[in-house]
file start31.cif (mmCIF, C-alpha atoms)
data_protein
loop_
_atom_site.label_atom_id
_atom_site.label_comp_id
_atom_site.auth_asym_id
_atom_site.auth_seq_id
_atom_site.Cartn_x
_atom_site.Cartn_y
_atom_site.Cartn_z
CA THR A 1 -17.94 3.39 -5.43
CA PHE A 2 -19.78 3.68 -8.74
CA ASP A 3 -18.24 1.76 -11.63
CA ALA A 4 -18.79 1.57 -15.38
CA TYR A 5 -17.02 -0.79 -17.79
CA GLU A 6 -17.38 -1.02 -21.55
CA THR A 7 -15.63 -3.11 -24.20
CA LEU A 8 -16.24 -3.16 -27.96
CA ARG A 9 -14.93 -6.12 -29.97
CA TRP A 10 -14.57 -6.15 -33.73
CA VAL A 11 -13.58 -9.23 -35.74
CA LYS A 12 -12.29 -8.60 -39.24
CA GLY A 13 -10.26 -11.10 -41.22
CA ARG A 14 -7.39 -12.36 -39.12
CA HIS A 15 -7.77 -9.59 -36.52
CA THR A 16 -9.86 -9.48 -33.34
CA LEU A 17 -9.75 -5.92 -32.05
CA ALA A 18 -10.91 -4.91 -28.56
CA ILE A 19 -11.36 -1.30 -27.46
CA GLY A 20 -12.70 -0.27 -24.09
CA GLY A 21 -12.33 1.54 -20.84
CA THR A 22 -13.48 2.02 -17.27
CA PHE A 23 -14.79 4.83 -15.13
CA GLU A 24 -15.04 4.87 -11.37
CA ARG A 25 -16.36 7.49 -8.96
CA ALA A 26 -15.32 6.83 -5.38
CA ARG A 27 -16.34 8.55 -2.15
CA PHE A 28 -14.89 8.19 1.32
CA PRO A 29 -16.63 10.03 4.17
CA TYR A 30 -14.87 9.53 7.50
CA PHE A 31 -15.88 11.29 10.69
CA THR A 32 -14.81 10.72 14.29
CA LYS A 33 -15.75 12.43 17.52
CA SER A 34 -13.39 13.55 20.26
CA VAL A 35 -11.95 10.72 22.28
CA ASN A 36 -11.26 10.72 25.98
CA GLY A 37 -7.68 11.21 27.02
CA THR A 38 -5.54 8.12 27.57
CA PHE A 39 -3.10 7.92 30.48
CA ALA A 40 -0.14 5.55 30.60
CA PHE A 41 1.89 4.60 33.67
CA SER A 42 5.27 2.96 33.24
CA GLY A 43 6.73 2.60 36.73
CA ASP A 44 9.47 5.15 36.06
CA ILE A 45 9.03 6.69 39.53
CA THR A 46 8.55 3.72 41.85
CA GLY A 47 9.54 0.82 39.65
CA TYR A 48 5.93 -0.43 39.47
CA ALA A 49 3.32 0.91 37.06
CA MET A 50 0.48 0.31 39.53
CA SER A 51 2.32 2.25 42.23
CA ASP A 52 2.88 5.15 39.83
CA PHE A 53 -0.84 5.02 39.03
CA LEU A 54 -1.82 5.18 42.73
CA LEU A 55 0.51 8.16 43.17
CA GLY A 56 -0.90 9.86 40.06
CA ARG A 57 2.51 9.98 38.38
CA VAL A 58 1.66 9.82 34.67
CA ARG A 59 4.23 8.78 32.06
CA THR A 60 2.30 9.87 28.94
CA PHE A 61 -1.05 11.43 28.16
CA THR A 62 -2.63 11.41 24.67
CA GLN A 63 -5.86 12.81 23.27
CA ALA A 64 -7.21 13.42 19.76
CA GLY A 65 -10.31 14.42 17.84
CA PRO A 66 -12.71 15.28 16.41
CA SER A 67 -11.85 14.51 12.78
CA TYR A 68 -13.76 15.36 9.60
CA GLN A 69 -12.78 13.92 6.24
CA ASN A 70 -14.80 13.76 3.03
CA ASP A 71 -12.76 12.48 0.10
CA ARG A 72 -13.58 12.08 -3.58
CA ASN A 73 -11.76 10.40 -6.43
CA TYR A 74 -12.42 9.84 -10.13
CA LEU A 75 -10.57 7.12 -11.98
CA TYR A 76 -10.69 6.19 -15.64
CA SER A 77 -8.73 4.11 -18.11
CA LEU A 78 -8.70 3.24 -21.81
CA PHE A 79 -7.24 0.28 -23.67
CA ILE A 80 -6.87 -1.14 -27.16
CA GLN A 81 -5.81 -4.70 -27.94
CA ASP A 82 -5.50 -6.82 -31.07
CA THR A 83 -5.29 -10.58 -31.50
CA PHE A 84 -3.73 -11.31 -34.88
CA LYS A 85 -3.63 -14.73 -36.55
CA ALA A 86 -0.36 -14.22 -38.40
CA SER A 87 -0.53 -17.78 -39.78
CA SER A 88 -2.02 -21.14 -38.96
CA ARG A 89 0.95 -21.68 -36.63
CA LEU A 90 1.44 -18.23 -35.03
CA THR A 91 -0.94 -15.99 -33.10
CA LEU A 92 0.12 -12.61 -31.78
CA ASN A 93 -1.60 -10.57 -29.06
CA TYR A 94 -0.62 -6.96 -28.37
CA GLY A 95 -2.13 -3.87 -26.86
CA ILE A 96 -1.70 -0.87 -24.61
CA ARG A 97 -3.58 0.53 -21.64
CA TRP A 98 -3.72 4.12 -20.35
CA GLU A 99 -4.50 4.35 -16.66
CA PRO A 100 -3.80 7.72 -14.98
CA SER A 101 -3.57 7.92 -11.20
CA PHE A 102 -5.11 10.68 -9.10
CA PRO A 103 -4.80 11.72 -5.47
CA TRP A 104 -7.88 11.73 -3.28
CA HIS A 105 -9.56 15.13 -3.08
CA ASP A 106 -10.71 16.18 0.36
CA LEU A 107 -13.71 18.49 0.13
CA TYR A 108 -12.41 20.35 3.18
CA GLY A 109 -9.00 20.98 1.61
CA GLN A 110 -7.02 19.17 4.30
CA ALA A 111 -3.53 18.35 3.11
CA GLU A 112 -0.18 19.07 4.66
CA ALA A 113 3.50 18.50 3.99
CA PHE A 114 6.81 18.92 5.71
CA SER A 115 9.77 20.22 3.75
CA PRO A 116 13.24 19.82 5.33
CA THR A 117 14.45 22.51 2.91
CA LEU A 118 11.85 25.04 4.08
CA TYR A 119 12.54 24.05 7.67
CA ALA A 120 16.23 24.84 7.23
CA GLN A 121 15.29 28.20 5.68
CA GLY A 122 12.87 29.04 8.50
CA VAL A 123 9.92 29.40 6.10
CA LYS A 124 6.51 29.34 7.82
CA SER A 125 3.01 28.72 6.54
CA GLN A 126 0.79 31.60 5.43
CA VAL A 127 -2.34 29.49 5.99
CA PHE A 128 -1.78 28.42 9.61
CA THR A 129 0.28 31.25 11.00
CA ASN A 130 1.28 29.46 14.20
CA ALA A 131 2.65 26.39 12.42
CA TYR A 132 6.32 25.60 12.82
CA PRO A 133 8.88 26.24 10.05
CA GLY A 134 8.80 23.70 7.25
CA GLU A 135 5.11 22.85 7.66
CA ILE A 136 2.96 23.82 4.67
CA PHE A 137 -0.72 23.23 3.98
CA SER A 138 -3.30 23.40 1.19
CA GLY A 139 -3.29 27.02 0.08
CA ASP A 140 0.42 27.60 0.71
CA THR A 141 2.79 28.19 -2.18
CA GLY A 142 4.49 25.06 -3.43
CA ILE A 143 2.11 22.37 -2.18
CA PRO A 144 -0.55 20.83 -4.46
CA PHE A 145 -4.07 21.35 -3.12
CA ASP A 146 -4.55 17.60 -2.62
CA GLY A 147 -1.05 17.03 -1.27
CA ARG A 148 0.05 15.23 -4.46
CA THR A 149 -0.24 15.74 -8.21
CA PRO A 150 -1.78 13.28 -10.70
CA SER A 151 0.20 10.97 -12.94
CA TYR A 152 -1.07 11.09 -16.53
CA ASP A 153 1.79 9.26 -18.25
CA ASN A 154 0.76 5.76 -17.17
CA PHE A 155 0.94 3.83 -20.44
CA THR A 156 1.28 0.08 -20.02
CA PRO A 157 1.92 -2.12 -23.09
CA ARG A 158 1.27 -5.89 -23.27
CA PHE A 159 2.48 -8.48 -25.75
CA GLY A 160 1.93 -12.23 -26.11
CA PHE A 161 2.33 -14.99 -28.65
CA ALA A 162 1.46 -18.63 -29.27
CA TYR A 163 3.51 -20.64 -31.78
CA ASP A 164 3.36 -24.16 -33.17
CA PRO A 165 6.98 -24.65 -34.33
CA PHE A 166 6.47 -27.93 -36.20
CA GLY A 167 2.93 -27.48 -37.45
CA ASP A 168 1.81 -30.87 -36.13
CA GLY A 169 -0.27 -29.51 -33.24
CA LYS A 170 1.81 -31.40 -30.67
CA THR A 171 4.28 -28.70 -29.62
CA SER A 172 3.50 -25.17 -28.53
CA ILE A 173 5.61 -22.25 -27.40
CA ARG A 174 3.69 -19.50 -25.64
CA GLY A 175 4.91 -16.38 -23.96
CA GLY A 176 4.04 -12.88 -22.98
CA THR A 177 5.06 -9.77 -21.15
CA GLY A 178 3.14 -6.86 -19.75
CA ILE A 179 3.15 -3.88 -17.44
CA PHE A 180 0.37 -3.48 -14.89
CA GLN A 181 -0.27 -0.55 -12.56
CA ASN A 182 -2.09 -0.07 -9.30
CA ALA A 183 -3.43 3.36 -10.20
CA GLN A 184 -5.96 3.59 -7.39
CA GLN A 185 -4.57 5.07 -4.20
CA PRO A 186 -6.11 3.70 -0.97
CA ALA A 187 -8.75 6.02 0.45
CA PHE A 188 -6.99 5.88 3.82
CA SER A 189 -3.88 7.43 2.24
CA ASN A 190 -5.11 10.87 3.34
CA ASN A 191 -5.80 9.79 6.91
CA PRO A 192 -2.32 10.29 8.39
CA GLN A 193 -2.39 13.95 7.32
CA VAL A 194 -5.92 14.62 8.55
CA MET A 195 -5.57 12.78 11.86
CA VAL A 196 -2.92 15.16 13.24
CA SER A 197 -2.82 18.87 14.09
CA PRO A 198 -4.10 21.25 12.89
CA TYR A 199 -6.93 19.36 11.16
CA THR A 200 -7.40 17.07 14.14
CA ALA A 201 -6.30 18.43 17.48
CA LYS A 202 -3.83 15.82 18.74
CA VAL A 203 -1.94 16.03 22.01
CA THR A 204 0.84 13.78 23.24
CA ILE A 205 2.42 14.78 26.54
CA THR A 206 5.39 13.01 28.07
CA ASN A 207 6.25 13.76 31.71
CA LEU A 208 3.25 15.88 32.66
CA VAL A 209 3.87 19.19 34.36
CA GLY A 210 0.45 19.14 35.97
CA PRO A 211 -1.09 16.51 38.23
CA PHE A 212 -3.14 13.49 37.22
CA SER A 213 -6.30 15.57 37.71
CA ASN A 214 -5.15 18.37 35.39
CA PRO A 215 -2.95 17.05 32.54
CA TYR A 216 -3.18 20.33 30.60
CA GLN A 217 -1.70 22.45 33.35
CA GLY A 218 1.02 24.65 31.94
CA ILE A 219 0.34 23.86 28.27
CA ASN A 220 -2.15 24.94 25.61
CA ASN A 221 -5.44 23.02 25.73
CA PRO A 222 -6.84 22.81 22.16
CA TYR A 223 -10.25 21.56 23.31
CA PRO A 224 -13.04 22.04 22.58
CA ALA A 225 -11.83 21.93 18.99
CA SER A 226 -13.74 23.84 16.31
CA PHE A 227 -14.28 22.96 12.67
CA PRO A 228 -13.09 24.20 10.27
CA THR A 229 -9.78 24.75 12.01
CA PRO A 230 -9.08 28.45 12.59
CA HIS A 231 -6.01 29.87 10.89
CA ASN A 232 -4.55 30.97 14.24
CA PHE A 233 -4.70 27.44 15.66
CA VAL A 234 -2.08 26.98 18.38
CA PHE A 235 -0.16 23.75 17.77
CA PRO A 236 0.25 21.62 20.88
CA THR A 237 3.76 20.22 21.21
CA PRO A 238 5.33 17.91 20.35
CA VAL A 239 4.16 18.40 16.76
CA THR A 240 3.52 15.39 14.52
CA VAL A 241 3.52 15.91 10.74
CA SER A 242 2.61 13.28 8.15
CA SER A 243 3.76 14.22 4.67
CA TRP A 244 4.26 12.93 1.17
CA ASP A 245 7.77 13.26 -0.18
CA THR A 246 8.06 16.99 -0.87
CA GLY A 247 10.91 16.32 -3.28
CA HIS A 248 8.51 14.52 -5.60
CA TYR A 249 4.82 15.46 -5.33
CA LYS A 250 3.87 13.52 -8.45
CA ILE A 251 2.25 10.16 -7.72
CA GLN A 252 4.64 7.31 -8.40
CA THR A 253 2.19 4.60 -9.44
CA THR A 254 3.00 1.13 -8.16
CA THR A 255 4.04 -0.80 -11.28
CA VAL A 256 4.28 -4.57 -11.80
CA TYR A 257 6.28 -6.08 -14.67
CA ASN A 258 5.34 -9.66 -15.64
CA TRP A 259 6.90 -11.94 -18.25
CA ASN A 260 6.71 -15.65 -18.96
CA VAL A 261 7.38 -18.34 -21.52
CA THR A 262 5.99 -21.90 -21.67
CA ILE A 263 6.89 -24.89 -23.84
CA GLU A 264 4.52 -27.84 -24.10
CA ARG A 265 4.91 -31.12 -25.92
CA GLU A 266 2.43 -33.95 -26.38
CA LEU A 267 4.34 -37.23 -26.03
CA ARG A 268 1.36 -39.45 -26.64
CA GLN A 269 -2.41 -39.09 -26.51
CA ASP A 270 -2.55 -39.12 -22.71
CA TRP A 271 0.90 -37.71 -21.85
CA LEU A 272 1.98 -34.06 -21.87
CA VAL A 273 5.14 -32.36 -20.60
CA ARG A 274 5.39 -28.66 -19.85
CA ALA A 275 8.19 -26.31 -18.80
CA SER A 276 7.55 -22.71 -17.81
CA TYR A 277 9.49 -19.66 -16.72
CA VAL A 278 7.46 -17.02 -14.90
CA ALA A 279 8.84 -13.79 -13.47
CA ALA A 280 7.58 -10.57 -11.91
CA ARG A 281 9.07 -7.36 -10.62
CA THR A 282 7.39 -4.47 -8.76
CA ASN A 283 8.57 -0.86 -8.69
CA HIS A 284 7.41 2.24 -6.79
CA LEU A 285 6.00 0.50 -3.74
CA PRO A 286 4.91 3.03 -1.10
CA GLN A 287 7.41 3.42 1.71
CA GLY A 288 7.11 5.20 5.02
CA ARG A 289 10.12 6.91 6.58
CA GLN A 290 10.59 8.48 9.99
CA LEU A 291 12.42 11.72 9.23
CA ASN A 292 12.85 12.88 12.81
CA ALA A 293 12.57 10.07 15.32
CA SER A 294 12.28 11.25 18.90
CA ILE A 295 15.19 10.28 21.14
CA TYR A 296 14.57 10.84 24.82
CA ILE A 297 17.77 11.62 26.72
CA PRO A 298 17.87 11.72 30.54
CA GLY A 299 17.44 15.28 31.67
CA SER A 300 16.14 16.45 28.28
CA SER A 301 13.26 18.93 28.16
CA LEU A 302 12.18 17.88 24.66
#
call {"tool": "encode", "arguments": {"input": "start31.cif", "output": "structure tokens"}}
result
Amino acid sequence: TFDAYETLRWVKGRHTLAIGGTFERARFPYFTKSVNGTFAFSGDITGYAMSDFLLGRVRTFTQAGPSYQNDRNYLYSLFIQDTFKASSRLTLNYGIRWEPSFPWHDLYGQAEAFSPTLYAQGVKSQVFTNAYPGEIFSGDTGIPFDGRTPSYDNFTPRFGFAYDPFGDGKTSIRGGTGIFQNAQQPAFSNNPQVMVSPYTAKVTITNLVGPFSNPYQGINNPYPASFPTPHNFVFPTPVTVSSWDTGHYKIQTTTVYNWNVTIERELRQDWLVRASYVAARTNHLPQGRQLNASIYIPGSSL
């Protein structure tokens, strides 16, 4: 990351004005090679996993890779804030911050989404012609190139005050409220989309048709995988799709609301009592949902 911060302060009369902003350029290169296949033995056949292993009766076989990801992000914000001495007993502090949020941009254009609506309509991708209905990718109609769209309306006001109600310097009432946003998306937020087919050839086989020595017997073998992924890539089943919510592509920035009030009173030179109320609330926390959990039924060919 490359960061720049700048703040200008101007004191005039009873006002102390601060104006500033930030700029950040972030890069996230992430590359993995192909990994060897992983076999799992559960004892479904004999009742003992080791016995199944000796007989070569595999429960599941998984393999993935290689993966290429090269993400970029630019973040910036602006703020203005004023501290105003309204009187010898009251000080006010108020301001506003603008902090837009942007999705990570993959230089290879690797973003995907799954739309239940398109799935129900049988709509297929024009980018990867062998994809299953409902899967769309960068370049298809309806999906933003980066998988999500920016949020430019992130305005977060703040307000605070300090008050001496009796003017004797022994009692103070202070309080404030503000909105704060986590505008920066984690760089790994793109990983779930890139680490599955078609961008990363990923195979998960349950109940192999072939023997231990040939797990790909009877199914498509996507290896060796080429990069960039060809548009006629054949998707190995079962297909895993990681997607943002296609009903709302705009980034919902995680937002924290804080507010507090404190009363202090000096009882004597070396005694002070204080009572405070502090509260916080957070909205738009990221949430993962399993839209189509696999349920294995005896005798099923899924």
call {"tool": "resolve_selection", "arguments": {"input": "start31.cif", "expression": "the PyMOL selection byres ((chain A and resi 63-67) around 10)", "output": "compact mmCIF listing (two decimals) with C-alpha atoms, in the frame of the given file"}}
result
# COMPACT_ATOMS: atom_id res chain seq x y z
CA TYR A 30 -14.87 9.53 7.50
CA PHE A 31 -15.88 11.29 10.69
CA THR A 32 -14.81 10.72 14.29
CA LYS A 33 -15.75 12.43 17.52
CA SER A 34 -13.39 13.55 20.26
CA VAL A 35 -11.95 10.72 22.28
CA ASN A 36 -11.26 10.72 25.98
CA GLY A 37 -7.68 11.21 27.02
CA THR A 38 -5.54 8.12 27.57
CA PHE A 39 -3.10 7.92 30.48
CA PHE A 61 -1.05 11.43 28.16
CA THR A 62 -2.63 11.41 24.67
CA TYR A 68 -13.76 15.36 9.60
CA GLN A 69 -12.78 13.92 6.24
CA ASN A 191 -5.80 9.79 6.91
CA VAL A 194 -5.92 14.62 8.55
CA MET A 195 -5.57 12.78 11.86
CA VAL A 196 -2.92 15.16 13.24
CA SER A 197 -2.82 18.87 14.09
CA TYR A 199 -6.93 19.36 11.16
CA THR A 200 -7.40 17.07 14.14
CA ALA A 201 -6.30 18.43 17.48
CA LYS A 202 -3.83 15.82 18.74
CA VAL A 203 -1.94 16.03 22.01
CA THR A 204 0.84 13.78 23.24
CA ILE A 205 2.42 14.78 26.54
CA PRO A 222 -6.84 22.81 22.16
CA TYR A 223 -10.25 21.56 23.31
CA PRO A 224 -13.04 22.04 22.58
CA ALA A 225 -11.83 21.93 18.99
CA SER A 226 -13.74 23.84 16.31
CA PHE A 227 -14.28 22.96 12.67
call {"tool": "residues_near_point", "arguments": {"input": "start31.cif", "point": "(-20.9, 0.6, -7.1)", "cutoff": "9 Å", "atoms": "all atoms listed in the file", "output": "PyMOL selection string"}}
result
chain A and resi 1-4+24-26
call {"tool": "atom_distance", "arguments": {"input": "start31.cif", "atom1": "CA of Ile19 in chain A", "atom2": "CA of Gly178 in chain A"}}
result
17.3 Å
call {"tool": "resolve_selection", "arguments": {"input": "start31.cif", "expression": "the PyMOL selection byres ((chain A and resi 145) around 10)", "output": "ChimeraX atom specification"}}
result
/A:103,105-106,109-112,137-144,146-149
call {"tool": "residues_around", "arguments": {"input": "start31.cif", "residues": "Asp270 in chain A", "least_positions_apart": "4", "cutoff": "12 Å", "atoms": "only C-alpha atoms", "output": "list in words"}}
result
Lys170, Arg265 and Glu266 of chain A
call {"tool": "resolve_selection", "arguments": {"input": "start31.cif", "expression": "the PyMOL selection byres ((chain A and resi 252) around 10)", "output": "ChimeraX atom specification"}}
result
/A:101,148-151,154,183,248-251,253-255,283-286
